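Okay, so here's the structure we're looking at.
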There are 2 protein chains.
Amino acid sequence: MKLTFLGTGDSAQMPVYNCQCPACRRAHNDEQYVRRPCSVLIQSGKDQWLVDSGRMDLCRLFSPGSLSGILQTHYHADHAQGLLHLRWGVDMKIPVYGPPDESGFADLYKHPGILDFSRPFAAFETRLLGDMQVTALPLVHSKPCFGYLFETERGAIAYLTDTVGLPEQTRHYLSGRQLDYCIVDCSYPPQEHTPRNHNDLNSALEMCEPLNIKNLLLTHIGHKMDNWLMSFSNTLPAHVGVARDAQVLAF
Amino acid sequence: MKLTFLGTGDSAQMPVYNCQCPACRRAHNDEQYVRRPCSVLIQSGKDQWLVDSGRMDLCRLFSPGSLSGILQTHYHADHAQGLLHLRWGVDMKIPVYGPPDESGFADLYKHPGILDFSRPFAAFETRLLGDMQVTALPLVHSKPCFGYLFETERGAIAYLTDTVGLPEQTRHYLSGRQLDYCIVDCSYPPQEHTPRNHNDLNSALEMCEPLNIKNLLLTHIGHKMDNWLMSFSNTLPAHVGVARDAQVLAF
């Protein structure tokens, strides 16, 4: 099982347009700090699945037939906008599995083109995708949103974004499992009050506290979070890392 | 006045994903035949206005402050999807003038960010943008849609997409004018029956017949139209050209 971060940014991406903050200036000057729309590619055996489709260069990134399909955490623009172009391909179908969401994104349901939205996951449903077990885990967001638990004989990865905290049932489902990697929405640095829809660092660490996680990786990083991380006086627990675009996790 | 084609394709763009037709294969192999989302940049004096925002690399193409604003012909995905990212800039406002359209595109009205949609054009309204007179011309499409007439002392350009034919009032408005360039939706090669929403070559030529046009340029070209153009047996009237991405018209 291999996971590649295709994007680790929030909806504004990094650098933020017209922003002169230290983190945005750094990303302007050094490609390694760019954060694209939050998404990963997960590969196991011959299968590779895209998790979220906010990148706008999907047709360039994935030659026809190279994707087994797409898993959507949800249908906000920054997680689905890449489908607007991809759908107009021809002579093929790409399954898109996400949460049940009546409205989806823009006119994708009305004009799906080559995309097949007909089989959304149910909450806590497990599907076998190649040799991966994939389970849909309800999250806490402003639109129906699923995280995904990926399991093979080699290990387990939980991908939990966008969310602020976890629903009790999801926490319960995960708490019995050893997670080699847990990848979590952490859009903001520590806030006085828990934000809506996305974790700050406090709520990200708090939601993971009861879980059995070997490596915790933060994603969906906003520029304020990156500025916070740039200060030497701010530290993270030893088992916590911050994901970067193009980073690879492999078993 | 200078006009640059930033894109001359239809919603599928060119090459079409997974298409093996001669036109798509040619565009795969030779960048000059690529057609991006249909849009132009129009410059006059110190002002430059983007007409349609379907390109997804707007933040890279236009440094902050370099755009005077955006004119939307309408709010279909392939003409507006680039706004989904651009809106999340900071510390500035970009005026976006388009037709009155209650729904706009996706959640752009709900979360406009730095975009200011507050001053849509009225039909046949003329505004002075720098030293350009810009007039909004109703078109025939499945969503409220305006073409634009750009006039300076040096000349006049009409940009008329997306449309199939012209409303009587728009034809009447244009028929009194000398157009140095008229840029027209021609998504399809000649069809047996006039298509809906977009011109085929027959309806494009027919709608321009009563107008006083020096140079007619076709845009919003689909791959079937490009295949038709690749055949030596098919010809266009002498004053008719087919726009290409990056082509420049200047007075």
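Residues are referred to by chain and number: the chain letter is A, B, ... according to the order shown in the structure tokens, the number counts from 1 in that chain, and ligands are numbered separately from 1 in the order shown.
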Report as a PDB file with N, CA, C and O atoms, in the first residue's frame all protein, DNA and RNA residues lying within 8 Å of region 116-130 of chain B, evaluated on only C-alpha atoms, omitting residues in the same chain fewer than 6 positions from it.
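Written output follows (selection-v5.pdb):
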ATOM      1  N   SER B  44      -6.494  47.622 -23.197  1.00  0.00           N
ATOM      2  CA  SER B  44      -6.550  48.939 -23.821  1.00  0.00           C
ATOM      3  C   SER B  44      -5.965  49.928 -22.836  1.00  0.00           C
ATOM      4  O   SER B  44      -6.409  49.993 -21.682  1.00  0.00           O
ATOM      5  N   GLY B  45      -4.963  50.676 -23.257  1.00  0.00           N
ATOM      6  CA  GLY B  45      -4.279  51.565 -22.331  1.00  0.00           C
ATOM      7  C   GLY B  45      -3.720  50.746 -21.177  1.00  0.00           C
ATOM      8  O   GLY B  45      -3.095  49.707 -21.375  1.00  0.00           O
ATOM      9  N   LYS B  46      -3.981  51.208 -19.951  1.00  0.00           N
ATOM     10  CA  LYS B  46      -3.448  50.501 -18.784  1.00  0.00           C
ATOM     11  C   LYS B  46      -4.381  49.392 -18.294  1.00  0.00           C
ATOM     12  O   LYS B  46      -4.062  48.706 -17.331  1.00  0.00           O
ATOM     13  N   ASP B  47      -5.537  49.280 -18.909  1.00  0.00           N
ATOM     14  CA  ASP B  47      -6.529  48.320 -18.420  1.00  0.00           C
ATOM     15  C   ASP B  47      -6.429  46.986 -19.142  1.00  0.00           C
ATOM     16  O   ASP B  47      -6.210  46.953 -20.351  1.00  0.00           O
ATOM     17  N   LYS B  93     -10.047  43.470  -4.129  1.00  0.00           N
ATOM     18  CA  LYS B  93     -11.343  43.128  -4.715  1.00  0.00           C
ATOM     19  C   LYS B  93     -11.171  43.061  -6.220  1.00  0.00           C
ATOM     20  O   LYS B  93     -10.431  43.868  -6.801  1.00  0.00           O
ATOM     21  N   ILE B  94     -11.814  42.107  -6.844  1.00  0.00           N
ATOM     22  CA  ILE B  94     -11.840  42.027  -8.310  1.00  0.00           C
ATOM     23  C   ILE B  94     -13.293  42.115  -8.754  1.00  0.00           C
ATOM     24  O   ILE B  94     -14.102  41.246  -8.409  1.00  0.00           O
ATOM     25  N   PRO B  95     -13.649  43.187  -9.506  1.00  0.00           N
ATOM     26  CA  PRO B  95     -15.019  43.250  -9.999  1.00  0.00           C
ATOM     27  C   PRO B  95     -15.272  42.181 -11.059  1.00  0.00           C
ATOM     28  O   PRO B  95     -14.417  41.954 -11.930  1.00  0.00           O
ATOM     29  N   VAL B  96     -16.407  41.528 -10.947  1.00  0.00           N
ATOM     30  CA  VAL B  96     -16.820  40.535 -11.945  1.00  0.00           C
ATOM     31  C   VAL B  96     -18.171  40.975 -12.485  1.00  0.00           C
ATOM     32  O   VAL B  96     -19.168  40.976 -11.768  1.00  0.00           O
ATOM     33  N   TYR B  97     -18.168  41.399 -13.750  1.00  0.00           N
ATOM     34  CA  TYR B  97     -19.399  41.869 -14.383  1.00  0.00           C
ATOM     35  C   TYR B  97     -19.892  40.787 -15.340  1.00  0.00           C
ATOM     36  O   TYR B  97     -19.158  40.355 -16.221  1.00  0.00           O
ATOM     37  N   GLY B  98     -21.136  40.405 -15.157  1.00  0.00           N
ATOM     38  CA  GLY B  98     -21.715  39.431 -16.082  1.00  0.00           C
ATOM     39  C   GLY B  98     -23.178  39.718 -16.250  1.00  0.00           C
ATOM     40  O   GLY B  98     -23.660  40.780 -15.855  1.00  0.00           O
ATOM     41  N   PRO B  99     -23.903  38.764 -16.834  1.00  0.00           N
ATOM     42  CA  PRO B  99     -25.354  38.951 -16.953  1.00  0.00           C
ATOM     43  C   PRO B  99     -26.006  38.743 -15.582  1.00  0.00           C
ATOM     44  O   PRO B  99     -25.432  38.072 -14.732  1.00  0.00           O
ATOM     45  N   PRO B 100     -27.180  39.325 -15.366  1.00  0.00           N
ATOM     46  CA  PRO B 100     -27.912  38.999 -14.145  1.00  0.00           C
ATOM     47  C   PRO B 100     -28.254  37.508 -14.192  1.00  0.00           C
ATOM     48  O   PRO B 100     -28.804  37.043 -15.184  1.00  0.00           O
ATOM     49  N   TYR B 109     -21.539  32.875  -5.337  1.00  0.00           N
ATOM     50  CA  TYR B 109     -22.276  34.002  -4.749  1.00  0.00           C
ATOM     51  C   TYR B 109     -22.292  33.885  -3.217  1.00  0.00           C
ATOM     52  O   TYR B 109     -22.234  34.896  -2.514  1.00  0.00           O
ATOM     53  N   ALA B 136     -23.053  45.184 -23.332  1.00  0.00           N
ATOM     54  CA  ALA B 136     -23.496  43.800 -23.103  1.00  0.00           C
ATOM     55  C   ALA B 136     -24.610  43.434 -24.075  1.00  0.00           C
ATOM     56  O   ALA B 136     -25.623  44.129 -24.147  1.00  0.00           O
ATOM     57  N   LEU B 137     -24.417  42.350 -24.806  1.00  0.00           N
ATOM     58  CA  LEU B 137     -25.351  41.959 -25.868  1.00  0.00           C
ATOM     59  C   LEU B 137     -25.960  40.588 -25.576  1.00  0.00           C
ATOM     60  O   LEU B 137     -25.246  39.578 -25.573  1.00  0.00           O
ATOM     61  N   PRO B 138     -27.257  40.531 -25.336  1.00  0.00           N
ATOM     62  CA  PRO B 138     -27.895  39.242 -25.052  1.00  0.00           C
ATOM     63  C   PRO B 138     -27.669  38.217 -26.163  1.00  0.00           C
ATOM     64  O   PRO B 138     -27.742  38.560 -27.351  1.00  0.00           O
ATOM     65  N   PHE B 146     -24.340  36.955 -22.077  1.00  0.00           N
ATOM     66  CA  PHE B 146     -24.068  38.184 -22.827  1.00  0.00           C
ATOM     67  C   PHE B 146     -22.807  38.026 -23.667  1.00  0.00           C
ATOM     68  O   PHE B 146     -21.783  37.537 -23.184  1.00  0.00           O
TER      69      PHE B 146
END
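Near Leu218 (chain B), within a cut-off of 6 Å and counting only C-alpha atoms, sit the residues Ile183, Val184, Cys186, Val242 and Ala243 of chain B, with same-chain residues fewer than 2 positions away left out.
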Given the selection you just returned, output its residues as a file containing C-alpha atoms, formatted as a compact mmCIF listing (two decimals), in the first residue's frame.
# COMPACT_ATOMS: atom_id res chain seq x y z
CA ILE B 183 -15.50 36.34 -32.64
CA VAL B 184 -18.24 33.74 -32.68
CA CYS B 186 -18.76 27.65 -33.57
CA VAL B 242 -10.45 29.83 -36.78
CA ALA B 243 -9.00 31.23 -33.56
Neighbours of chain A in chain B at 6 Å, counting only C-alpha atoms, as a list in words: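 In the required form, that comes to Ala12, Val16, Tyr17, Asn18, Pro64, Trp88, Gly89, Val90 and Ala106 of chain B.
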Write the residues of the selection above to a file with C-alpha atoms, as a PDB file, in the first residue's frame.
ATOM      1  CA  ALA B  12     -14.201  19.265 -23.061  1.00  0.00           C
ATOM      2  CA  VAL B  16     -10.569  15.488 -25.202  1.00  0.00           C
ATOM      3  CA  TYR B  17      -9.659  13.085 -22.400  1.00  0.00           C
ATOM      4  CA  ASN B  18      -9.307   9.533 -23.781  1.00  0.00           C
ATOM      5  CA  PRO B  64      -2.338  40.491  -8.055  1.00  0.00           C
ATOM      6  CA  TRP B  88      -9.746  32.964  -1.930  1.00  0.00           C
ATOM      7  CA  GLY B  89      -7.151  35.697  -2.428  1.00  0.00           C
ATOM      8  CA  VAL B  90      -6.811  38.381   0.245  1.00  0.00           C
ATOM      9  CA  ALA B 106     -21.550  26.661  -7.750  1.00  0.00           C
TER      10      ALA B 106
END
Region 3-151 of chain A: which residues are helix (DSSP H, G or I) by DSSP, as number ranges by chain? A: 22-29, 31-33, 58-61, 77-80, 83-86
Store the residues picked out above, limited to N, CA, C and O atoms, as a PDB file, in the first residue's frame.
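Final output, saved to selection_33.pdb:
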ATOM      1  N   PRO A  22       4.707  35.564   5.734  1.00  0.00           N
ATOM      2  CA  PRO A  22       5.955  34.800   5.565  1.00  0.00           C
ATOM      3  C   PRO A  22       5.739  33.428   4.912  1.00  0.00           C
ATOM      4  O   PRO A  22       6.513  33.024   4.039  1.00  0.00           O
ATOM      5  N   ALA A  23       4.700  32.725   5.300  1.00  0.00           N
ATOM      6  CA  ALA A  23       4.474  31.382   4.744  1.00  0.00           C
ATOM      7  C   ALA A  23       4.129  31.468   3.252  1.00  0.00           C
ATOM      8  O   ALA A  23       4.602  30.650   2.454  1.00  0.00           O
ATOM      9  N   CYS A  24       3.329  32.450   2.879  1.00  0.00           N
ATOM     10  CA  CYS A  24       2.961  32.586   1.453  1.00  0.00           C
ATOM     11  C   CYS A  24       4.158  33.051   0.626  1.00  0.00           C
ATOM     12  O   CYS A  24       4.363  32.588  -0.497  1.00  0.00           O
ATOM     13  N   ARG A  25       4.962  33.958   1.185  1.00  0.00           N
ATOM     14  CA  ARG A  25       6.174  34.394   0.458  1.00  0.00           C
ATOM     15  C   ARG A  25       7.121  33.214   0.255  1.00  0.00           C
ATOM     16  O   ARG A  25       7.705  33.043  -0.817  1.00  0.00           O
ATOM     17  N   ARG A  26       7.265  32.401   1.299  1.00  0.00           N
ATOM     18  CA  ARG A  26       8.138  31.229   1.199  1.00  0.00           C
ATOM     19  C   ARG A  26       7.660  30.290   0.089  1.00  0.00           C
ATOM     20  O   ARG A  26       8.459  29.773  -0.707  1.00  0.00           O
ATOM     21  N   ALA A  27       6.342  30.076   0.034  1.00  0.00           N
ATOM     22  CA  ALA A  27       5.795  29.169  -0.989  1.00  0.00           C
ATOM     23  C   ALA A  27       5.947  29.746  -2.399  1.00  0.00           C
ATOM     24  O   ALA A  27       6.104  29.004  -3.378  1.00  0.00           O
ATOM     25  N   HIS A  28       5.908  31.087  -2.489  1.00  0.00           N
ATOM     26  CA  HIS A  28       6.166  31.735  -3.784  1.00  0.00           C
ATOM     27  C   HIS A  28       7.575  31.431  -4.271  1.00  0.00           C
ATOM     28  O   HIS A  28       7.816  31.237  -5.462  1.00  0.00           O
ATOM     29  N   ASN A  29       8.499  31.416  -3.335  1.00  0.00           N
ATOM     30  CA  ASN A  29       9.912  31.319  -3.699  1.00  0.00           C
ATOM     31  C   ASN A  29      10.437  29.893  -3.768  1.00  0.00           C
ATOM     32  O   ASN A  29      11.498  29.654  -4.321  1.00  0.00           O
ATOM     33  N   GLU A  31       9.097  25.969  -4.388  1.00  0.00           N
ATOM     34  CA  GLU A  31       8.041  25.039  -4.807  1.00  0.00           C
ATOM     35  C   GLU A  31       7.697  23.992  -3.738  1.00  0.00           C
ATOM     36  O   GLU A  31       6.551  23.564  -3.629  1.00  0.00           O
ATOM     37  N   GLN A  32       8.671  23.600  -2.925  1.00  0.00           N
ATOM     38  CA  GLN A  32       8.393  22.538  -1.948  1.00  0.00           C
ATOM     39  C   GLN A  32       7.382  22.958  -0.887  1.00  0.00           C
ATOM     40  O   GLN A  32       6.845  22.107  -0.174  1.00  0.00           O
ATOM     41  N   TYR A  33       7.123  24.270  -0.787  1.00  0.00           N
ATOM     42  CA  TYR A  33       6.156  24.731   0.215  1.00  0.00           C
ATOM     43  C   TYR A  33       4.777  25.028  -0.372  1.00  0.00           C
ATOM     44  O   TYR A  33       3.878  25.467   0.342  1.00  0.00           O
ATOM     45  N   LEU A  58      -6.103  16.995 -13.422  1.00  0.00           N
ATOM     46  CA  LEU A  58      -6.287  15.543 -13.333  1.00  0.00           C
ATOM     47  C   LEU A  58      -6.099  14.860 -14.688  1.00  0.00           C
ATOM     48  O   LEU A  58      -5.538  13.763 -14.757  1.00  0.00           O
ATOM     49  N   CYS A  59      -6.533  15.516 -15.757  1.00  0.00           N
ATOM     50  CA  CYS A  59      -6.409  14.895 -17.091  1.00  0.00           C
ATOM     51  C   CYS A  59      -4.943  14.730 -17.480  1.00  0.00           C
ATOM     52  O   CYS A  59      -4.585  13.809 -18.215  1.00  0.00           O
ATOM     53  N   ARG A  60      -4.109  15.633 -16.985  1.00  0.00           N
ATOM     54  CA  ARG A  60      -2.676  15.538 -17.256  1.00  0.00           C
ATOM     55  C   ARG A  60      -2.024  14.520 -16.321  1.00  0.00           C
ATOM     56  O   ARG A  60      -1.153  13.740 -16.719  1.00  0.00           O
ATOM     57  N   LEU A  61      -2.450  14.510 -15.060  1.00  0.00           N
ATOM     58  CA  LEU A  61      -1.828  13.634 -14.055  1.00  0.00           C
ATOM     59  C   LEU A  61      -2.119  12.157 -14.314  1.00  0.00           C
ATOM     60  O   LEU A  61      -1.274  11.308 -14.053  1.00  0.00           O
ATOM     61  N   ALA A  77     -16.128  22.631  -3.392  1.00  0.00           N
ATOM     62  CA  ALA A  77     -15.388  22.968  -4.605  1.00  0.00           C
ATOM     63  C   ALA A  77     -13.927  22.513  -4.554  1.00  0.00           C
ATOM     64  O   ALA A  77     -13.429  21.892  -5.497  1.00  0.00           O
ATOM     65  N   ASP A  78     -13.233  22.813  -3.460  1.00  0.00           N
ATOM     66  CA  ASP A  78     -11.791  22.530  -3.440  1.00  0.00           C
ATOM     67  C   ASP A  78     -11.490  21.029  -3.399  1.00  0.00           C
ATOM     68  O   ASP A  78     -10.336  20.641  -3.561  1.00  0.00           O
ATOM     69  N   HIS A  79     -12.513  20.210  -3.222  1.00  0.00           N
ATOM     70  CA  HIS A  79     -12.327  18.760  -3.219  1.00  0.00           C
ATOM     71  C   HIS A  79     -12.919  18.101  -4.466  1.00  0.00           C
ATOM     72  O   HIS A  79     -12.790  16.884  -4.628  1.00  0.00           O
ATOM     73  N   ALA A  80     -13.591  18.873  -5.301  1.00  0.00           N
ATOM     74  CA  ALA A  80     -14.311  18.267  -6.438  1.00  0.00           C
ATOM     75  C   ALA A  80     -14.139  19.019  -7.759  1.00  0.00           C
ATOM     76  O   ALA A  80     -14.553  18.535  -8.804  1.00  0.00           O
ATOM     77  N   LEU A  83     -13.221  17.580 -11.282  1.00  0.00           N
ATOM     78  CA  LEU A  83     -14.166  16.736 -12.032  1.00  0.00           C
ATOM     79  C   LEU A  83     -14.871  17.509 -13.146  1.00  0.00           C
ATOM     80  O   LEU A  83     -15.376  16.913 -14.097  1.00  0.00           O
ATOM     81  N   LEU A  84     -14.904  18.840 -13.018  1.00  0.00           N
ATOM     82  CA  LEU A  84     -15.631  19.665 -13.993  1.00  0.00           C
ATOM     83  C   LEU A  84     -15.076  19.469 -15.405  1.00  0.00           C
ATOM     84  O   LEU A  84     -15.812  19.517 -16.382  1.00  0.00           O
ATOM     85  N   HIS A  85     -13.780  19.261 -15.510  1.00  0.00           N
ATOM     86  CA  HIS A  85     -13.168  19.020 -16.810  1.00  0.00           C
ATOM     87  C   HIS A  85     -13.088  17.517 -17.128  1.00  0.00           C
ATOM     88  O   HIS A  85     -13.480  17.082 -18.210  1.00  0.00           O
ATOM     89  N   LEU A  86     -12.612  16.742 -16.145  1.00  0.00           N
ATOM     90  CA  LEU A  86     -12.408  15.302 -16.361  1.00  0.00           C
ATOM     91  C   LEU A  86     -13.657  14.620 -16.921  1.00  0.00           C
ATOM     92  O   LEU A  86     -13.570  13.719 -17.763  1.00  0.00           O
TER      93      LEU A  86
END
Members of region 2-220 of chain B assigned strand (DSSP E) by DSSP, as an MDAnalysis selection string: chainID B and resid 2:7 39:44 47:51 69:71 94:97 115:116 126:129 132:138 146:152 155:160 178:185 212:219
Counting only C-alpha atoms, what is within 12 Å of Thr170 (chain B), bar same-chain residues fewer than 3 positions away, as an mmCIF file with C-alpha atoms, in the first residue's frame?
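Ended up saving to around08.cif:
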data_model
loop_
_atom_site.group_PDB
_atom_site.id
_atom_site.type_symbol
_atom_site.label_atom_id
_atom_site.label_comp_id
_atom_site.auth_asym_id
_atom_site.auth_seq_id
_atom_site.Cartn_x
_atom_site.Cartn_y
_atom_site.Cartn_z
ATOM 1 C CA ALA B 123 -28.912 44.004 -21.460
ATOM 2 C CA PHE B 124 -27.510 46.549 -23.949
ATOM 3 C CA GLU B 125 -25.927 48.581 -21.122
ATOM 4 C CA THR B 135 -21.739 46.939 -24.345
ATOM 5 C CA ALA B 136 -23.496 43.800 -23.103
ATOM 6 C CA LEU B 137 -25.351 41.959 -25.868
ATOM 7 C CA PRO B 138 -27.895 39.242 -25.052
ATOM 8 C CA LEU B 139 -27.174 35.892 -26.712
ATOM 9 C CA VAL B 140 -29.158 32.648 -27.137
ATOM 10 C CA PHE B 146 -24.068 38.184 -22.827
ATOM 11 C CA GLY B 147 -21.663 38.770 -25.638
ATOM 12 C CA TYR B 148 -19.668 41.988 -25.470
ATOM 13 C CA LEU B 149 -18.974 44.732 -27.989
ATOM 14 C CA ALA B 158 -17.635 41.810 -30.954
ATOM 15 C CA LEU B 160 -20.228 36.470 -29.171
ATOM 16 C CA THR B 163 -24.738 31.268 -28.490
ATOM 17 C CA GLY B 165 -27.746 32.509 -33.587
ATOM 18 C CA LEU B 166 -28.603 35.960 -32.221
ATOM 19 C CA PRO B 167 -31.703 37.492 -30.657
ATOM 20 C CA TYR B 173 -27.895 46.584 -32.412
ATOM 21 C CA LEU B 174 -24.881 45.188 -34.240
ATOM 22 C CA SER B 175 -26.116 45.622 -37.798
ATOM 23 C CA GLY B 176 -25.464 49.370 -37.785
ATOM 24 C CA ARG B 177 -21.810 48.951 -36.867
ATOM 25 C CA MET B 207 -25.929 34.707 -37.898
ATOM 26 C CA CYS B 208 -23.016 36.806 -39.185
ATOM 27 C CA PRO B 210 -26.362 40.388 -42.099
ATOM 28 C CA LEU B 211 -23.526 42.003 -40.074
#
Which residues are near Gly222 (chain B)? Cut-off 7 Å, only C-alpha atoms, ignore same chain within fewer than 3 positions. Put them as a PyMOL selection string. chain B and resi 9-10+187-188+225-226
Grab the residues selected above and save them as a PDB file, in the first residue's frame with all heavy atoms.
ATOM      1  N   GLY B   9     -11.384  26.484 -26.779  1.00  0.00           N
ATOM      2  CA  GLY B   9     -12.019  25.168 -26.775  1.00  0.00           C
ATOM      3  C   GLY B   9     -13.442  25.190 -26.239  1.00  0.00           C
ATOM      4  O   GLY B   9     -13.911  26.200 -25.722  1.00  0.00           O
ATOM      5  N   ASP B  10     -14.108  24.057 -26.370  1.00  0.00           N
ATOM      6  CA  ASP B  10     -15.418  23.924 -25.737  1.00  0.00           C
ATOM      7  C   ASP B  10     -15.213  23.343 -24.330  1.00  0.00           C
ATOM      8  O   ASP B  10     -14.089  23.302 -23.830  1.00  0.00           O
ATOM      9  CB  ASP B  10     -16.370  23.097 -26.609  1.00  0.00           C
ATOM     10  CG  ASP B  10     -15.964  21.639 -26.714  1.00  0.00           C
ATOM     11  OD1 ASP B  10     -14.924  21.249 -26.124  1.00  0.00           O
ATOM     12  OD2 ASP B  10     -16.676  20.868 -27.372  1.00  0.00           O
ATOM     13  N   SER B 187     -19.084  25.715 -32.171  1.00  0.00           N
ATOM     14  CA  SER B 187     -18.677  24.482 -31.495  1.00  0.00           C
ATOM     15  C   SER B 187     -18.646  23.282 -32.428  1.00  0.00           C
ATOM     16  O   SER B 187     -17.849  22.370 -32.247  1.00  0.00           O
ATOM     17  CB  SER B 187     -19.634  24.191 -30.333  1.00  0.00           C
ATOM     18  OG  SER B 187     -19.609  25.236 -29.382  1.00  0.00           O
ATOM     19  N   TYR B 188     -19.518  23.300 -33.437  1.00  0.00           N
ATOM     20  CA  TYR B 188     -19.710  22.085 -34.241  1.00  0.00           C
ATOM     21  C   TYR B 188     -19.496  22.337 -35.731  1.00  0.00           C
ATOM     22  O   TYR B 188     -19.757  23.435 -36.231  1.00  0.00           O
ATOM     23  CB  TYR B 188     -21.142  21.560 -34.078  1.00  0.00           C
ATOM     24  CG  TYR B 188     -21.575  21.353 -32.657  1.00  0.00           C
ATOM     25  CD1 TYR B 188     -22.593  22.139 -32.102  1.00  0.00           C
ATOM     26  CD2 TYR B 188     -20.995  20.373 -31.863  1.00  0.00           C
ATOM     27  CE1 TYR B 188     -23.022  21.949 -30.796  1.00  0.00           C
ATOM     28  CE2 TYR B 188     -21.410  20.180 -30.549  1.00  0.00           C
ATOM     29  CZ  TYR B 188     -22.426  20.973 -30.020  1.00  0.00           C
ATOM     30  OH  TYR B 188     -22.841  20.796 -28.733  1.00  0.00           O
ATOM     31  N   MET B 225     -15.458  19.714 -34.744  1.00  0.00           N
ATOM     32  CA  MET B 225     -15.202  20.860 -35.637  1.00  0.00           C
ATOM     33  C   MET B 225     -13.746  20.851 -36.099  1.00  0.00           C
ATOM     34  O   MET B 225     -13.459  21.075 -37.287  1.00  0.00           O
ATOM     35  CB  MET B 225     -15.530  22.160 -34.889  1.00  0.00           C
ATOM     36  CG  MET B 225     -15.294  23.426 -35.685  1.00  0.00           C
ATOM     37  SD  MET B 225     -16.409  23.585 -37.106  1.00  0.00           S
ATOM     38  CE  MET B 225     -15.681  24.983 -37.950  1.00  0.00           C
ATOM     39  N   ASP B 226     -12.828  20.563 -35.182  1.00  0.00           N
ATOM     40  CA  ASP B 226     -11.407  20.511 -35.580  1.00  0.00           C
ATOM     41  C   ASP B 226     -11.155  19.379 -36.580  1.00  0.00           C
ATOM     42  O   ASP B 226     -10.355  19.524 -37.508  1.00  0.00           O
ATOM     43  CB  ASP B 226     -10.506  20.343 -34.343  1.00  0.00           C
ATOM     44  CG  ASP B 226      -9.845  21.663 -33.934  1.00  0.00           C
ATOM     45  OD1 ASP B 226      -9.739  22.578 -34.776  1.00  0.00           O
ATOM     46  OD2 ASP B 226      -9.435  21.785 -32.769  1.00  0.00           O
TER      47      ASP B 226
END
